[in-house]
>>> print(open('upload.cif').read())   # mmCIF, C-alpha atoms
data_work
loop_
_atom_site.label_atom_id
_atom_site.label_comp_id
_atom_site.auth_asym_id
_atom_site.auth_seq_id
_atom_site.Cartn_x
_atom_site.Cartn_y
_atom_site.Cartn_z
CA MET L 1 96.24 133.31 63.64
CA LYS L 2 97.72 132.23 60.30
CA ASN L 3 100.89 131.09 62.03
CA PHE L 4 98.82 129.08 64.48
CA SER L 5 97.00 127.41 61.57
CA LYS L 6 100.30 126.57 59.92
CA ILE L 7 101.67 125.10 63.16
CA LEU L 8 98.47 123.08 63.63
CA CYS L 9 98.77 121.70 60.10
CA VAL L 10 102.39 120.70 60.71
CA VAL L 11 101.43 119.00 63.98
CA LEU L 12 98.56 117.12 62.34
CA ALA L 13 100.81 116.05 59.45
CA LEU L 14 103.41 114.83 61.92
CA VAL L 15 100.81 112.86 63.89
CA MET L 16 99.55 111.25 60.68
CA ALA L 17 103.08 110.41 59.59
CA LEU L 18 103.86 108.83 62.94
CA SER L 19 100.60 106.93 62.78
CA VAL L 20 101.47 105.49 59.37
CA ALA L 21 104.97 104.64 60.55
CA SER L 22 103.54 102.99 63.64
CA CYS L 23 101.25 100.82 61.50
CA SER L 24 104.11 99.73 59.28
CA LEU L 25 106.15 98.70 62.31
CA THR L 26 103.29 96.98 64.09
CA LYS L 27 103.31 93.16 64.13
CA GLN L 28 101.02 91.86 61.41
CA TYR L 29 98.27 89.42 62.28
CA ALA L 30 96.46 86.88 60.15
CA TYR L 31 93.62 87.05 62.68
CA GLN L 32 93.12 89.33 65.66
CA LYS L 33 89.78 89.35 67.43
CA ASP L 34 88.18 88.52 70.81
CA GLY L 35 91.50 87.74 72.44
CA VAL L 36 92.70 85.40 69.69
CA GLU L 37 95.83 86.73 67.99
CA LEU L 38 97.51 84.71 65.27
CA PRO L 39 100.60 86.26 63.64
CA VAL L 40 100.70 86.30 59.86
CA GLY L 41 103.62 83.85 60.12
CA VAL L 42 101.16 81.21 61.33
CA TYR L 43 99.16 81.64 58.12
CA VAL L 44 102.32 81.43 55.98
CA THR L 45 103.33 78.24 57.80
CA TYR L 46 99.99 76.70 56.93
CA MET L 47 100.50 77.84 53.34
CA TYR L 48 103.89 76.14 53.26
CA GLN L 49 102.38 72.91 54.62
CA ALA L 50 99.75 73.07 51.87
CA TYR L 51 102.47 73.80 49.30
CA ILE L 52 104.34 70.60 50.26
CA GLU L 53 101.12 68.59 50.19
CA ALA L 54 100.14 69.98 46.78
CA GLN L 55 103.59 69.20 45.39
CA LYS L 56 103.20 65.56 46.47
CA LEU L 57 99.84 65.41 44.71
CA ALA L 58 101.39 66.96 41.58
CA GLN L 59 104.16 64.36 41.60
CA GLN L 60 101.54 61.69 40.96
CA SER L 61 101.00 63.11 37.48
CA ASP L 62 102.98 61.83 34.48
CA LEU L 63 103.41 65.47 33.42
CA TYR L 64 105.46 66.29 36.53
CA ASP L 65 109.25 66.35 36.26
CA ALA L 66 110.74 65.63 39.69
CA ALA L 67 114.18 66.83 38.58
CA THR L 68 113.04 70.36 37.74
CA GLY L 69 109.84 70.66 39.77
CA LYS L 70 108.07 71.66 36.57
CA TYR L 71 105.25 70.12 34.60
CA ASP L 72 104.57 69.90 30.89
CA GLY L 73 108.15 70.82 30.18
CA LYS L 74 108.47 74.28 31.68
CA LYS L 75 105.55 75.32 33.84
CA SER L 76 105.51 75.48 37.62
CA PHE L 77 103.43 72.73 39.21
CA LEU L 78 101.50 75.57 40.85
CA LYS L 79 99.72 76.05 37.51
CA MET L 80 98.65 72.44 37.03
CA GLU L 81 95.45 70.83 38.21
CA ILE L 82 95.68 68.45 41.14
CA THR L 83 93.15 66.16 42.79
CA ASP L 84 93.30 65.58 46.53
CA GLU L 85 92.28 62.52 48.54
CA ASP L 86 88.76 63.88 48.92
CA GLY L 87 88.35 64.03 45.14
CA ASN L 88 88.56 67.83 44.94
CA THR L 89 90.23 69.09 41.75
CA ALA L 90 91.73 72.57 41.48
CA VAL L 91 94.73 74.48 40.18
CA ALA L 92 97.51 73.80 42.71
CA GLU L 93 98.04 77.47 43.58
CA ASP L 94 94.35 77.99 44.33
CA TRP L 95 94.18 74.72 46.26
CA ILE L 96 97.11 75.81 48.46
CA ILE L 97 95.54 79.17 49.28
CA ASP L 98 92.22 77.53 50.13
CA LYS L 99 93.98 74.95 52.30
CA ALA L 100 95.93 77.64 54.18
CA LYS L 101 92.70 79.54 54.82
CA GLU L 102 91.02 76.37 56.05
CA SER L 103 93.92 75.67 58.44
CA LEU L 104 93.79 79.23 59.78
CA GLN L 105 90.05 78.93 60.36
CA ASN L 106 90.63 75.69 62.25
CA ALA L 107 93.36 77.35 64.34
CA VAL L 108 91.04 80.21 65.30
CA ALA L 109 88.37 77.71 66.30
CA ILE L 110 90.87 75.78 68.43
CA GLU L 111 92.09 78.90 70.21
CA THR L 112 88.52 80.14 70.73
CA LYS L 113 87.48 76.81 72.24
CA PHE L 114 90.67 76.71 74.31
CA LYS L 115 89.88 80.09 75.87
CA GLU L 116 86.17 79.35 76.23
CA LEU L 117 86.89 76.23 78.27
CA GLY L 118 89.54 77.92 80.39
CA CYS L 119 92.29 75.54 79.30
CA THR L 120 95.96 75.75 80.17
CA VAL L 121 99.04 73.88 78.99
CA ASP L 122 102.19 72.94 80.86
CA GLN L 123 104.78 75.59 80.07
CA ALA L 124 107.65 73.22 80.84
CA GLU L 125 106.36 70.80 78.20
CA LEU L 126 105.99 73.64 75.71
CA ASP L 127 109.55 74.78 76.39
CA GLN L 128 110.86 71.25 75.91
CA ALA L 129 109.01 70.88 72.62
CA LYS L 130 110.19 74.35 71.52
CA THR L 131 113.81 73.28 71.99
CA MET L 132 113.29 70.32 69.64
CA TYR L 133 111.51 72.46 67.04
CA GLN L 134 114.25 75.09 67.27
CA GLN L 135 116.82 72.43 66.36
CA GLY L 136 114.78 71.38 63.34
CA TRP L 137 114.29 75.01 62.35
CA ASP L 138 118.04 75.63 62.40
CA GLN L 139 119.30 72.33 61.01
CA GLN L 140 116.77 71.37 58.32
CA GLY L 141 116.89 74.53 56.23
CA LEU L 142 113.55 75.85 57.45
CA LYS L 143 115.03 79.07 58.78
CA SER L 144 116.66 80.05 55.47
CA LEU L 145 113.52 79.10 53.54
CA LEU L 146 110.75 80.49 55.72
CA GLU L 147 112.25 83.54 57.45
CA PRO L 148 112.43 85.50 54.16
CA CYS L 149 108.75 84.64 53.70
CA GLY L 150 107.79 86.26 56.99
CA VAL L 151 107.85 83.26 59.31
CA SER L 152 109.73 83.38 62.62
CA VAL L 153 110.54 80.27 64.62
CA ASP L 154 107.94 81.42 67.17
CA SER L 155 105.19 81.57 64.52
CA PHE L 156 106.30 78.25 63.09
CA PHE L 157 106.20 76.56 66.51
CA MET L 158 102.87 78.19 67.31
CA ALA L 159 101.29 76.84 64.12
CA ILE L 160 102.79 73.37 64.10
CA TYR L 161 102.75 72.52 67.80
CA THR L 162 101.22 75.01 70.22
CA ILE L 163 97.88 75.31 68.41
CA ASP L 164 97.54 72.08 66.45
CA VAL L 165 98.90 69.79 69.18
CA ALA L 166 99.03 71.23 72.70
CA ASP L 167 96.05 73.60 72.66
CA LYS L 168 93.86 71.30 70.59
CA ASP L 169 94.53 68.36 72.89
CA ALA L 170 93.81 70.46 75.98
CA ALA L 171 90.54 71.73 74.47
CA PHE L 172 89.54 68.21 73.44
CA LYS L 173 90.06 66.85 76.95
CA ALA L 174 88.17 69.77 78.48
CA GLU L 175 85.26 69.25 76.08
CA TYR L 176 84.86 65.48 76.51
CA GLY L 177 86.55 64.82 79.86
CA ALA L 178 84.89 64.73 83.27
CA GLY L 179 82.87 67.88 83.86
CA GLY L 180 83.14 69.04 80.25
CA PRO L 181 80.21 70.27 78.12
CA SER L 182 80.18 66.97 76.20
CA ALA L 183 81.61 64.71 78.92
CA VAL L 184 81.77 61.02 78.02
CA SER L 185 80.81 58.62 80.78
CA THR L 186 82.92 55.59 81.70
CA ALA L 187 79.99 53.36 80.75
CA ASP L 188 79.72 54.88 77.26
CA MET L 189 83.48 54.67 76.71
CA THR L 190 83.50 51.03 77.84
CA ASP L 191 80.66 50.23 75.49
CA TYR L 192 82.50 51.88 72.57
CA PHE L 193 85.73 50.08 73.46
CA THR L 194 84.19 46.61 73.60
CA LYS L 195 82.29 47.11 70.35
CA ASN L 196 85.11 48.58 68.28
CA TYR L 197 88.46 47.36 69.60
CA THR L 198 90.06 43.97 69.01
CA SER L 199 92.66 42.32 71.22
CA TYR L 200 94.87 39.70 69.59
CA LYS L 201 98.12 37.79 70.00
CA TYR L 202 100.11 35.67 67.61
CA PHE L 203 103.46 34.09 66.81
CA SER L 204 104.69 32.73 63.52
CA ALA L 205 107.31 30.60 61.80
CA ASN L 206 108.71 30.70 58.27
CA LEU L 207 107.89 27.71 56.09
CA TYR L 208 111.02 28.37 54.06
CA THR L 209 114.72 28.87 54.58
CA THR L 210 116.74 31.84 53.38
CA GLU L 211 120.17 31.42 51.86
CA ASP L 212 122.46 34.45 51.59
CA ASN L 213 124.20 34.59 48.22
CA GLY L 214 126.68 37.25 49.27
CA GLN L 215 127.36 40.57 47.56
CA SER L 216 125.27 41.67 44.64
CA ALA L 217 126.80 41.56 41.15
CA ASP L 218 126.29 45.33 41.04
CA THR L 219 129.71 46.54 42.25
CA THR L 220 128.39 50.06 42.89
CA THR L 221 126.39 48.81 45.88
CA THR L 222 127.01 46.63 48.90
CA GLN L 223 123.55 45.07 48.97
CA THR L 224 123.23 41.31 49.26
CA THR L 225 120.85 38.93 47.54
CA ALA L 226 119.04 35.98 49.06
CA ASN L 227 117.05 32.99 47.83
CA ASN L 228 114.12 31.48 49.69
CA THR L 229 113.65 27.73 49.54
CA PRO L 230 110.46 26.02 50.79
CA LEU L 231 110.86 23.60 53.66
CA SER L 232 110.43 19.93 52.92
CA GLU L 233 106.94 18.44 53.11
CA GLU L 234 107.97 16.62 56.27
CA GLU L 235 109.16 19.83 57.96
CA ILE L 236 106.02 21.74 56.93
CA LYS L 237 103.89 18.90 58.29
CA LYS L 238 105.79 19.10 61.60
CA TYR L 239 105.06 22.83 61.94
CA THR L 240 101.45 22.43 60.87
CA SER L 241 100.80 19.62 63.33
CA ALA L 242 102.46 21.51 66.17
CA PHE L 243 100.63 24.80 65.51
CA GLU L 244 97.25 23.04 65.23
CA GLY L 245 98.00 21.35 68.53
CA TYR L 246 98.70 24.73 70.17
CA ALA L 247 95.37 26.06 68.88
CA THR L 248 93.56 22.99 70.23
CA ASP L 249 95.20 23.39 73.64
CA ILE L 250 93.96 26.99 73.87
CA SER L 251 90.46 25.98 72.77
CA ASN L 252 90.44 23.34 75.52
CA GLY L 253 91.14 25.91 78.22
CA GLY L 254 94.89 26.45 77.93
CA THR L 255 96.51 29.86 77.68
CA PHE L 256 98.21 31.54 74.77
CA GLU L 257 101.26 32.11 76.98
CA ASP L 258 101.59 28.36 77.60
CA ALA L 259 101.27 27.71 73.86
CA SER L 260 104.04 30.22 73.18
CA LYS L 261 106.34 28.58 75.74
CA LYS L 262 105.66 25.15 74.23
CA TYR L 263 106.50 26.44 70.76
CA MET L 264 109.76 27.91 72.04
CA SER L 265 110.65 24.56 73.58
CA ASP L 266 109.56 22.43 70.61
CA PHE L 267 111.49 24.48 68.04
CA GLU L 268 114.34 25.79 70.21
CA VAL L 269 113.31 29.45 69.94
CA ALA L 270 115.37 31.60 72.31
CA GLU L 271 113.24 34.77 72.56
CA ASP L 272 109.52 35.15 73.17
CA PRO L 273 108.03 35.38 69.63
CA THR L 274 104.68 36.83 70.74
CA THR L 275 103.19 39.89 69.11
CA ALA L 276 100.23 41.40 70.99
CA ASN L 277 98.05 44.36 70.15
CA VAL L 278 94.76 46.06 71.01
CA GLU L 279 93.39 48.22 68.21
CA ILE L 280 90.52 49.08 65.91
CA ILE L 281 90.95 46.97 62.78
CA ASP L 282 89.87 48.85 59.68
CA GLU L 283 86.86 47.37 57.92
CA ASN L 284 88.78 47.65 54.64
CA ALA L 285 92.03 46.17 55.95
CA THR L 286 94.01 44.50 53.15
CA ASP L 287 96.61 42.82 55.38
CA GLU L 288 95.84 39.10 55.28
CA LEU L 289 96.57 38.56 58.97
CA LEU L 290 94.37 41.45 60.08
CA LYS L 291 91.59 40.29 57.76
CA THR L 292 91.77 36.86 59.38
CA ILE L 293 91.69 38.30 62.91
CA LYS L 294 88.77 40.57 61.98
CA GLU L 295 86.70 37.52 61.02
CA MET L 296 87.54 35.51 64.16
CA LYS L 297 85.41 35.38 67.29
CA ASP L 298 86.58 36.50 70.73
CA GLY L 299 88.25 33.60 72.51
CA GLN L 300 89.06 31.77 69.28
CA ALA L 301 92.49 30.37 68.43
CA MET L 302 93.42 29.14 64.99
CA THR L 303 96.27 28.34 62.64
CA VAL L 304 96.63 30.08 59.30
CA GLN L 305 99.23 30.08 56.53
CA ILE L 306 99.92 33.36 54.76
CA GLY L 307 102.12 34.05 51.77
CA THR L 308 101.93 34.69 48.05
CA ASP L 309 103.77 31.48 47.09
CA GLU L 310 105.65 28.49 48.54
CA ASN L 311 108.81 30.59 48.81
CA SER L 312 107.24 33.14 51.15
CA LYS L 313 104.68 31.28 53.27
CA GLN L 314 104.51 31.62 57.03
CA ILE L 315 102.39 29.75 59.53
CA TYR L 316 100.69 31.66 62.33
CA LEU L 317 99.07 30.74 65.60
CA VAL L 318 96.51 33.50 66.17
CA TYR L 319 94.46 34.08 69.29
CA ARG L 320 91.70 36.67 69.48
CA GLU L 321 91.45 37.49 73.15
CA PRO L 322 88.06 38.46 74.64
CA ILE L 323 88.11 42.26 74.56
CA GLU L 324 86.61 42.37 78.05
CA ASN L 325 89.99 41.21 79.37
CA GLN L 326 91.45 44.58 78.35
CA ILE L 327 88.80 46.87 79.88
CA ASP L 328 90.75 47.51 83.08
CA ALA L 329 94.02 48.11 81.22
CA TYR L 330 92.46 50.62 78.83
CA ILE L 331 89.42 52.24 80.41
CA ASN L 332 90.92 52.53 83.91
CA ASN L 333 94.30 53.70 82.64
CA ALA L 334 94.50 57.49 82.18
CA GLU L 335 96.88 57.46 79.20
CA LYS L 336 95.22 54.60 77.32
CA SER L 337 91.71 55.85 78.02
CA GLU L 338 92.68 59.12 76.31
CA THR L 339 93.55 57.12 73.20
CA VAL L 340 90.15 55.45 73.30
CA LEU L 341 88.43 58.81 73.83
CA HIS L 342 90.23 60.28 70.82
CA SER L 343 89.13 57.33 68.69
CA MET L 344 85.59 57.77 69.95
CA LYS L 345 85.25 61.55 69.70
CA GLY L 346 88.06 62.79 67.44
CA GLU L 347 85.88 63.22 64.35
CA ASP L 348 83.12 64.82 66.41
CA PHE L 349 85.57 67.40 67.75
CA ASP L 350 86.86 68.23 64.27
CA ALA L 351 83.26 68.74 63.13
CA LEU L 352 82.61 70.94 66.17
CA LEU L 353 85.63 73.12 65.33
CA LYS L 354 84.60 73.40 61.69
CA LYS L 355 81.08 74.49 62.67
CA LEU L 356 82.50 77.01 65.14
CA ALA L 357 84.74 78.55 62.47
CA GLU L 358 81.78 78.78 60.09
CA ASP L 359 79.56 80.40 62.72
CA MET L 360 82.32 82.93 63.47
CA ASN L 361 82.81 83.56 59.74
CA VAL L 362 86.59 83.42 60.21
CA GLN L 363 88.45 85.18 57.40
CA PRO L 364 92.21 85.83 57.00
CA SER L 365 93.18 89.49 57.41
CA SER L 366 94.11 91.63 54.41
CA ALA L 367 97.77 91.19 55.40
CA CYS L 368 97.54 87.58 54.21
CA ASN L 369 96.95 88.80 50.65
CA ASN L 370 100.63 89.74 50.43
CA TYR L 371 101.72 86.11 50.57
CA LYS L 372 101.52 83.71 47.61
CA PRO L 373 102.62 80.07 47.17
CA SER L 374 105.09 81.11 44.46
CA MET L 375 107.33 82.70 47.09
CA PHE L 376 108.43 79.25 48.26
CA GLU L 377 109.75 78.50 44.79
CA THR L 378 111.55 81.83 44.66
CA LYS L 379 113.25 81.26 48.00
CA LYS L 380 114.46 77.79 46.93
CA LYS L 381 116.48 79.18 44.04
#
>>> encode(input="upload.cif", output="structure tokens")
Amino acid sequence: MKNFSKILCVVLALVMALSVASCSLTKQYAYQKDGVELPVGVYVTYMYQAYIEAQKLAQQSDLYDAATGKYDGKKSFLKMEITDEDGNTAVAEDWIIDKAKESLQNAVAIETKFKELGCTVDQAELDQAKTMYQQGWDQQGLKSLLEPCGVSVDSFFMAIYTIDVADKDAAFKAEYGAGGPSAVSTADMTDYFTKNYTSYKYFSANLYTTEDNGQSADTTTTQTTANNTPLSEEEIKKYTSAFEGYATDISNGGTFEDASKKYMSDFEVAEDPTTANVEIIDENATDELLKTIKEMKDGQAMTVQIGTDENSKQIYLVYREPIENQIDAYINNAEKSETVLHSMKGEDFDALLKKLAEDMNVQPSSACNNYKPSMFETKKK
């Protein structure tokens, strides 16, 4: 009986030992629940992204020394306070950890939504993208930097592309596309498009000439210098009169294309100078041309001169096309309509994912506690 007890104890000890060994050899996860499994390498990748972002914020400080990566003489930038674009101020190390956690929470929400909506992605496209990422992993020093920190190329690709690009896009389309829980109708998308997008075309001419002065006096470089000289009053008057005439022709029922051809003929321009675009112009746009277009009315053509001084002025013929002319090209085109849908619902989807992560109370696993931002500095040395 005593021998049996001893044998039983040995067996139990062996089972426990094997169990511990098995745990130590098991793949570690940053999150593993309800069919969503994210390797710890995904979390570390997000931490590295946050590390790079925090370093850029630190570099904005006068205390930061770009040559050494230190601040205030000798300290790691991880110990200095940084302020992000949202106005949040925190010690860099803490900010990085919080940002990595936030990214992981977002990833879990994406994968949860992806599975909930029954999404799939094209494996051939994933394989093609993986090949490109593999090249970057091997050639840009990422392998030597991140592998010692617990990141495999598979985890890296999963974090950077599979989740944040492919799966998120698939979930977005399933959510807001035809038949989705929050499907957007063609009528609603058309209404959004016409109220928010601007279609415009323009061509321009320099009201100055540029003279190349040859090689710079600095013999260590091969750069050249150039001087701009304003055109004569007579030449400027010729351009101004011609451009105003083009604008008048359009206002009287002519087309922008005819105006462009006439300009090419009048000034012996060999290639079509037209720039055309359809976009949402930011309310706070600082670009002078975009500010001008923003204030124009649909169907209006006008001439405008832009430049800080006489040596840099250009004259533009600008035409703001009625946005209705672009409805068929954008709303009835699968690829372009996706762009419009993302503009319309992108922020809503991000808010939906954030709320989902909060409702799920997503938290990184205890395995994530073994990884700190300082390891990226150690591996660089």
>>> resolve_selection(input="upload.cif", expression="the PyMOL selection byres ((chain L and resi 151) around 10)", output="list in words")
Pro39, Val40, Gly41, Val42, Tyr43, Val44, Thr45, Leu142, Lys143, Leu145, Leu146, Glu147, Pro148, Cys149, Gly150, Ser152, Val153, Asp154, Ser155, Phe156 and Phe157 of chain L
>>> write_last_selection(input="upload.cif", atoms="C-alpha atoms", output="PDB file, in the coordinates of the input")
ATOM      1  CA  PRO L  39     100.600  86.260  63.640  1.00  0.00           C
ATOM      2  CA  VAL L  40     100.700  86.300  59.860  1.00  0.00           C
ATOM      3  CA  GLY L  41     103.620  83.850  60.120  1.00  0.00           C
ATOM      4  CA  VAL L  42     101.160  81.210  61.330  1.00  0.00           C
ATOM      5  CA  TYR L  43      99.160  81.640  58.120  1.00  0.00           C
ATOM      6  CA  VAL L  44     102.320  81.430  55.980  1.00  0.00           C
ATOM      7  CA  THR L  45     103.330  78.240  57.800  1.00  0.00           C
ATOM      8  CA  LEU L 142     113.550  75.850  57.450  1.00  0.00           C
ATOM      9  CA  LYS L 143     115.030  79.070  58.780  1.00  0.00           C
ATOM     10  CA  LEU L 145     113.520  79.100  53.540  1.00  0.00           C
ATOM     11  CA  LEU L 146     110.750  80.490  55.720  1.00  0.00           C
ATOM     12  CA  GLU L 147     112.250  83.540  57.450  1.00  0.00           C
ATOM     13  CA  PRO L 148     112.430  85.500  54.160  1.00  0.00           C
ATOM     14  CA  CYS L 149     108.750  84.640  53.700  1.00  0.00           C
ATOM     15  CA  GLY L 150     107.790  86.260  56.990  1.00  0.00           C
ATOM     16  CA  SER L 152     109.730  83.380  62.620  1.00  0.00           C
ATOM     17  CA  VAL L 153     110.540  80.270  64.620  1.00  0.00           C
ATOM     18  CA  ASP L 154     107.940  81.420  67.170  1.00  0.00           C
ATOM     19  CA  SER L 155     105.190  81.570  64.520  1.00  0.00           C
ATOM     20  CA  PHE L 156     106.300  78.250  63.090  1.00  0.00           C
ATOM     21  CA  PHE L 157     106.200  76.560  66.510  1.00  0.00           C
TER      22      PHE L 157
END
>>> closest_residue(input="upload.cif", among="L:Asp282, L:Glu234, L:Asp122, L:Asp169", to="Glu338 in chain L", atoms="all atoms listed in the file")
L:Asp169
>>> resolve_selection(input="upload.cif", expression="the PyMOL selection byres ((chain L and resi 298) around 7)", output="PyMOL selection string")
chain L and resi 296-297+299-300+320-322
>>> resolve_selection(input="upload.cif", expression="the PyMOL selection byres ((chain L and resi 30) around 7)", output="number ranges by chain")
L: 28-29, 31-32, 38-40, 43, 364-365, 367-368
>>> residues_around(input="upload.cif", residues="Glu102 in chain L", least_positions_apart="3", cutoff="12 Å", atoms="all atoms listed in the file", output="ChimeraX atom specification")
/L:43,46-47,49-50,95-99,105-109,353-354,357-358,361-364
>>> residues_around(input="upload.cif", residues="Ala90 in chain L", least_positions_apart="4", cutoff="12 Å", atoms="all atoms listed in the file", output="VMD selection string")
chain L and resid 54 57 to 58 77 to 84 86 94 to 99
>>> atom_distance(input="upload.cif", atom1="CA of Gly118 in chain L", atom2="CA of Ala166 in chain L")
13.9 Å
>>> atom_distance(input="upload.cif", atom1="CA of Ala174 in chain L", atom2="CA of Thr120 in chain L")
10.0 Å
>>> residues_around(input="upload.cif", residues="Ile293 in chain L", least_positions_apart="5", cutoff="12 Å", atoms="all atoms listed in the file", output="ChimeraX atom specification")
/L:197-202,277-283,285-288,298-304,316-321
>>> atom_distance(input="upload.cif", atom1="CA of Glu335 in chain L", atom2="CA of Ile160 in chain L")
22.7 Å
>>> residues_around(input="upload.cif", residues="Glu116 in chain L", least_positions_apart="4", cutoff="9 Å", atoms="all atoms listed in the file", output="number ranges by chain")
L: 111-112, 171
>>> residues_near_point(input="upload.cif", point="(89.5, 67.6, 63.5)", cutoff="10 Å", atoms="all atoms listed in the file", output="PyMOL selection string")
chain L and resi 106+110+164+168+172+345-354
>>> closest_residue(input="upload.cif", among="L:Ala159, L:Gln123, L:Leu63, L:Ile52", to="Ser103 in chain L", atoms="only C-alpha atoms")
L:Ala159
>>> residues_around(input="upload.cif", residues="Ala187 in chain L", least_positions_apart="5", cutoff="12 Å", atoms="all atoms listed in the file", output="ChimeraX atom specification")
/L:192-194,327,331-332
>>> closest_residue(input="upload.cif", among="L:Ala276, L:Met344, L:Leu207, L:Ala129", to="Gln326 in chain L", atoms="only C-alpha atoms")
L:Ala276
>>> closest_residue(input="upload.cif", among="L:Thr162, L:Lys113, L:Ala270, L:Tyr208", to="Glu310 in chain L", atoms="all atoms listed in the file")
L:Tyr208
>>> closest_residue(input="upload.cif", among="L:Gly177, L:Ala205, L:Thr210, L:Gln305", to="Glu268 in chain L", atoms="all atoms listed in the file")
L:Ala205
